[in-house]
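target18.cif (mmCIF, C-alpha atoms) appears below.
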```
data_upload
loop_
_atom_site.label_atom_id
_atom_site.label_comp_id
_atom_site.auth_asym_id
_atom_site.auth_seq_id
_atom_site.Cartn_x
_atom_site.Cartn_y
_atom_site.Cartn_z
CA MET P 1 78.43 34.72 -229.99
CA PHE P 2 76.93 34.24 -226.55
CA ARG P 3 74.52 37.15 -227.09
CA SER P 4 73.14 35.79 -230.36
CA LEU P 5 72.66 32.34 -228.78
CA PHE P 6 70.94 33.93 -225.78
CA TYR P 7 68.58 35.98 -227.97
CA GLY P 8 67.85 32.95 -230.16
CA CYS P 9 66.89 30.85 -227.12
CA LEU P 10 64.83 33.73 -225.75
CA THR P 11 62.96 34.02 -229.05
CA ILE P 12 62.23 30.28 -229.13
CA LEU P 13 61.04 30.43 -225.51
CA PHE P 14 58.75 33.34 -226.41
CA PHE P 15 57.15 31.34 -229.25
CA PHE P 16 56.49 28.36 -226.97
CA ALA P 17 55.14 30.54 -224.17
CA ALA P 18 52.87 32.54 -226.47
CA GLY P 19 51.44 29.55 -228.31
CA CYS P 20 50.95 29.21 -232.03
CA ALA P 21 47.24 30.05 -232.05
CA GLN P 22 47.81 33.48 -230.55
CA LEU P 23 50.56 34.23 -233.04
CA THR P 24 48.48 33.30 -236.05
CA GLU P 25 45.45 35.24 -234.80
CA THR P 26 47.64 38.29 -234.13
CA ALA P 27 49.10 38.03 -237.62
CA LYS P 28 45.58 37.76 -239.08
CA LYS P 29 44.51 40.87 -237.16
CA ILE P 30 47.50 42.80 -238.49
CA LEU P 31 46.77 41.67 -242.05
CA GLY P 32 43.04 42.38 -241.65
CA THR P 33 41.93 38.79 -242.29
CA SER P 34 40.77 37.80 -238.81
CA THR P 35 37.26 36.38 -238.54
CA GLN P 36 37.25 36.36 -234.73
CA ALA P 37 34.76 39.26 -234.37
CA LEU P 38 32.40 37.65 -236.90
CA GLU P 39 32.66 34.32 -235.07
CA ARG P 40 31.59 36.06 -231.86
CA ALA P 41 28.70 37.80 -233.68
CA ARG P 42 27.29 34.45 -234.86
CA ARG P 43 25.18 34.09 -231.75
CA HIS P 44 23.22 37.20 -232.79
CA GLY P 45 23.15 36.26 -236.45
CA GLU P 46 20.36 35.13 -238.72
CA HIS P 47 20.21 31.51 -239.78
CA LYS P 48 18.25 29.17 -241.97
CA THR P 49 18.49 25.49 -242.90
CA TYR P 50 18.39 24.22 -246.50
CA PRO P 51 18.15 20.79 -248.14
CA CYS P 52 21.49 21.06 -249.95
CA SER P 53 25.05 19.85 -249.50
CA LEU P 54 27.70 22.25 -248.22
CA SER P 55 29.29 22.60 -251.66
CA GLN P 56 25.93 23.32 -253.33
CA CYS P 57 25.08 26.03 -250.78
CA PHE P 58 28.61 27.46 -250.98
CA GLU P 59 28.41 27.76 -254.78
CA ALA P 60 24.92 29.27 -254.69
CA VAL P 61 26.11 31.98 -252.28
CA LEU P 62 29.18 32.66 -254.43
CA SER P 63 26.86 33.24 -257.40
CA LEU P 64 25.88 36.52 -255.70
CA GLU P 65 29.47 37.77 -255.85
CA ARG P 66 29.78 41.07 -257.71
CA ASN P 67 33.33 40.55 -258.96
CA GLN P 68 33.01 37.08 -260.50
CA GLN P 69 35.42 36.44 -263.37
CA LYS P 70 33.21 33.93 -265.22
CA SER P 71 31.23 36.30 -267.46
CA PRO P 72 32.04 39.94 -266.80
CA GLU P 73 29.49 42.38 -268.09
CA PRO P 74 30.78 45.51 -269.82
CA ALA P 75 30.51 48.81 -267.96
CA THR P 76 27.91 51.23 -269.21
CA THR P 77 29.03 54.54 -270.65
CA ALA P 78 27.42 56.44 -267.77
CA THR P 79 29.65 54.84 -265.13
CA SER P 80 32.76 53.94 -267.12
CA SER P 81 33.99 57.54 -267.12
CA ILE P 82 33.78 58.00 -263.33
CA PRO P 83 37.20 57.25 -261.83
CA THR P 84 37.62 55.84 -258.32
CA LEU P 85 40.40 56.76 -255.91
CA SER P 86 42.61 54.10 -257.50
CA GLY P 87 42.08 55.68 -260.93
CA THR P 88 40.15 52.74 -262.38
CA PRO P 89 36.57 53.27 -263.57
CA GLN P 90 33.69 52.17 -261.39
CA VAL P 91 32.01 48.92 -262.37
CA PRO P 92 28.22 49.06 -262.18
CA ILE P 93 26.41 46.68 -259.85
CA GLN P 94 25.29 43.77 -261.97
CA GLN P 95 21.74 42.49 -261.81
CA GLY P 96 21.49 40.16 -258.81
CA LYS P 97 25.06 40.76 -257.62
CA PHE P 98 25.12 42.10 -254.08
CA PHE P 99 28.62 42.02 -252.58
CA ASP P 100 32.35 41.47 -253.07
CA VAL P 101 33.96 38.39 -251.56
CA PHE P 102 36.76 39.39 -249.22
CA LEU P 103 37.67 35.94 -247.83
CA LYS P 104 36.41 32.47 -248.60
CA ASP P 105 37.49 29.14 -247.23
CA PRO P 106 35.46 26.04 -248.11
CA HIS P 107 37.52 23.94 -245.69
CA TYR P 108 36.62 26.13 -242.70
CA ARG P 109 33.17 26.73 -244.22
CA TYR P 110 32.91 30.50 -244.34
CA ILE P 111 32.72 33.42 -246.74
CA VAL P 112 33.40 37.01 -245.65
CA VAL P 113 31.84 39.65 -247.88
CA ILE P 114 32.25 43.43 -248.10
CA GLY P 115 30.93 46.22 -250.32
CA ILE P 116 27.30 46.04 -249.26
CA VAL P 117 25.41 48.96 -250.80
CA GLY P 118 24.33 51.50 -248.18
CA ASN P 119 27.11 50.56 -245.75
CA VAL P 120 30.76 51.51 -245.46
CA ASP P 121 32.68 49.59 -248.15
CA THR P 122 34.78 47.77 -245.55
CA THR P 123 31.87 46.52 -243.42
CA GLU P 124 32.37 42.77 -243.12
CA VAL P 125 29.57 40.22 -243.09
CA GLY P 126 30.33 36.57 -242.40
CA ILE P 127 28.42 33.73 -244.04
CA PHE P 128 29.01 30.48 -242.18
CA PHE P 129 28.05 26.99 -243.35
CA ASP P 130 27.36 24.05 -241.03
CA GLY P 131 26.68 20.60 -242.43
CA ILE P 132 23.79 19.07 -240.52
CA SER P 133 23.75 15.99 -242.76
CA PRO P 134 25.14 15.18 -246.22
CA SER P 135 22.00 16.68 -247.76
CA SER P 136 21.19 19.44 -245.26
CA SER P 137 23.09 22.60 -244.37
CA LYS P 138 22.60 25.43 -241.88
CA ILE P 139 23.57 28.89 -243.16
CA GLU P 140 24.39 31.63 -240.63
CA ILE P 141 24.83 35.32 -241.45
CA ALA P 142 26.72 37.43 -238.88
CA SER P 143 28.09 40.97 -238.75
CA LEU P 144 28.78 43.75 -236.29
CA SER P 145 26.49 45.91 -238.47
CA ASN P 146 22.81 44.99 -238.19
CA THR P 147 21.84 46.71 -241.45
CA ALA P 148 24.58 44.97 -243.44
CA LYS P 149 23.66 41.64 -241.83
CA ARG P 150 19.99 42.04 -242.77
CA LYS P 151 20.77 43.05 -246.36
CA VAL P 152 23.12 40.13 -246.94
CA ALA P 153 20.77 37.70 -245.17
CA LYS P 154 17.89 38.74 -247.41
CA ALA P 155 19.99 38.39 -250.58
CA VAL P 156 21.54 35.05 -249.58
CA PHE P 157 18.35 33.47 -248.25
CA ASP P 158 16.33 34.64 -251.28
CA GLU P 159 18.95 33.11 -253.61
CA LEU P 160 19.06 29.83 -251.67
CA ASP P 161 15.24 29.75 -251.55
CA LYS P 162 15.18 29.98 -255.36
CA HIS P 163 17.66 27.12 -255.73
CA PHE P 164 16.68 24.68 -253.02
CA LEU P 165 13.11 25.18 -251.83
CA PRO P 166 9.91 24.31 -253.69
CA ALA P 167 7.59 27.31 -254.17
CA ASP P 168 5.14 26.13 -251.50
CA GLN P 169 7.84 25.95 -248.80
CA LYS P 170 9.32 29.46 -249.02
CA SER P 171 9.76 31.15 -245.65
CA PRO P 172 11.03 34.59 -244.59
CA PRO P 173 14.78 34.99 -243.88
CA GLY P 174 15.85 33.70 -240.48
CA GLU P 175 12.73 31.58 -239.93
CA GLY P 176 14.21 28.20 -240.92
CA LEU P 177 12.47 25.51 -242.90
CA PRO P 178 8.99 24.25 -242.15
CA ILE P 179 8.99 21.07 -240.09
CA ASN P 180 7.83 18.93 -243.01
CA ALA P 181 10.41 20.36 -245.48
CA PHE P 182 12.33 17.12 -245.68
#
```

Here is the file; what I need is its structure written in the form of structure tokens.
Amino acid sequence: MFRSLFYGCLTILFFFAAGCAQLTETAKKILGTSTQALERARRHGEHKTYPCSLSQCFEAVLSLERNQQKSPEPATTATSSIPTLSGTPQVPIQQGKFFDVFLKDPHYRYIVVIGIVGNVDTTEVGIFFDGISPSSSKIEIASLSNTAKRKVAKAVFDELDKHFLPADQKSPPGEGLPINAF
């Protein structure tokens, strides 16, 4: 009886001494859902500002998701017979679909994508959204892989340029909007 009470108190003391934030981050690392490395890589990331609300930008970026369930396109006969390691057939890359969404959280304003062509399937790229004003958002692309970061930045910024910038105000990825864009 005394031993179980002692170990129970010791466990509670451990939780208070360790702090909740460390426990949740450790659990996220074990599960593979931690965004801490991508958060640190943001300072070396590419960014651009758009005249759109956070939800509009978020939805436009999600439109590039390869595994959307809205209108799946049938696999072609050339790729439907090639099994993957899991035994399911490969799905061809759809026109304009560039990545698979690994994590997304509109509340914390980020999307983590994987499956970038030309990189290891598990290479993570973070897309972070910052609301500058109700009608203006800053989009940041960060990754530990420079090639994956550049590929995703080009795809995302090109898509957002199509949706939210007039033709005369298009700028290269990472350059930001012209001063007179608003």

- Query: Skipping near chain neighbours, those fewer than 2 positions away, what residues fall within 8 Å of Ala153 in chain P using all atoms listed in the file, listed as number ranges by chain?
  - Reply: P: 46, 141, 149-151, 155-157, 173-174

Keeping only C-alpha atoms, write the selected residues as a CSV table (one decimal), in the frame of the given file.
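Here's the written file again31.csv:
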```csv
chain,number,residue,atom,x,y,z
P,46,GLU,CA,20.4,35.1,-238.7
P,141,ILE,CA,24.8,35.3,-241.4
P,149,LYS,CA,23.7,41.6,-241.8
P,150,ARG,CA,20.0,42.0,-242.8
P,151,LYS,CA,20.8,43.0,-246.4
P,155,ALA,CA,20.0,38.4,-250.6
P,156,VAL,CA,21.5,35.0,-249.6
P,157,PHE,CA,18.4,33.5,-248.2
P,173,PRO,CA,14.8,35.0,-243.9
P,174,GLY,CA,15.8,33.7,-240.5
```

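Considering the residues P:Phe128, P:Glu65, P:Arg42, P:Thr122 and counting only C-alpha atoms, Tyr108 in chain P has its shortest atom-to-atom contact with P:Phe128.
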
Do you know which residues the PyMOL selection byres ((chain P and resi 100) around 10) returns on this file, as a list in words?
Leu62, Leu64, Glu65, Arg66, Asn67, Gln68, Lys97, Phe98, Phe99, Val101, Phe102, Leu103, Val112, Val113, Ile114, Gly115, Ile116 and Asp121 of chain P

Output C-alpha atoms for every residue in that selection, as a JSON list (two decimals), in the coordinates of the input.
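This is the output file part30.json:
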```json
[["chain", "number", "residue", "atom", "x", "y", "z"],
["P", 62, "LEU", "CA", 29.18, 32.66, -254.43],
["P", 64, "LEU", "CA", 25.88, 36.52, -255.70],
["P", 65, "GLU", "CA", 29.47, 37.77, -255.85],
["P", 66, "ARG", "CA", 29.78, 41.07, -257.71],
["P", 67, "ASN", "CA", 33.33, 40.55, -258.96],
["P", 68, "GLN", "CA", 33.01, 37.08, -260.50],
["P", 97, "LYS", "CA", 25.06, 40.76, -257.62],
["P", 98, "PHE", "CA", 25.12, 42.10, -254.08],
["P", 99, "PHE", "CA", 28.62, 42.02, -252.58],
["P", 101, "VAL", "CA", 33.96, 38.39, -251.56],
["P", 102, "PHE", "CA", 36.76, 39.39, -249.22],
["P", 103, "LEU", "CA", 37.67, 35.94, -247.83],
["P", 112, "VAL", "CA", 33.40, 37.01, -245.65],
["P", 113, "VAL", "CA", 31.84, 39.65, -247.88],
["P", 114, "ILE", "CA", 32.25, 43.43, -248.10],
["P", 115, "GLY", "CA", 30.93, 46.22, -250.32],
["P", 116, "ILE", "CA", 27.30, 46.04, -249.26],
["P", 121, "ASP", "CA", 32.68, 49.59, -248.15]]
```

Of P:Arg109, P:Lys104, P:Glu39, P:Asn119, the one sitting nearest Ser145 in chain P when using only C-alpha atoms is P:Asn119

For the PyMOL selection byres ((chain P and resi 106) around 9), applied here, can you spell out every residue it catches as a ChimeraX atom specification?
/P:54-55,58,104-105,107-111,129

If you count only C-alpha atoms, the residue of P:Val117, P:Cys52, P:Ala60, P:Leu165 closest to Pro134 in chain P turns out to be P:Cys52

request  = In Å, rounded to a single decimal, give me how far CA of Leu160 in chain P is from CA of Ile132 in chain P.
outcome  =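 So the two atoms, CA of Ile132 in chain P and CA of Leu160 in chain P, lie 16.2 Å apart.
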
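Atom to atom, CA of Ser53 in chain P and CA of Ser135 in chain P stand 4.7 Å apart.
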
CA of Glu159 in chain P to CA of Val61 in chain P measures 7.4 Å

Practice task
Name the closest residue to Asp130 in chain P among the candidates P:Ala41, P:Tyr50, P:Phe2, P:Gln36; distances are taken between atoms, counting all atoms listed in the file.
Solution key: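 Selected residue with least distance to Asp130 in chain P: P:Tyr50.
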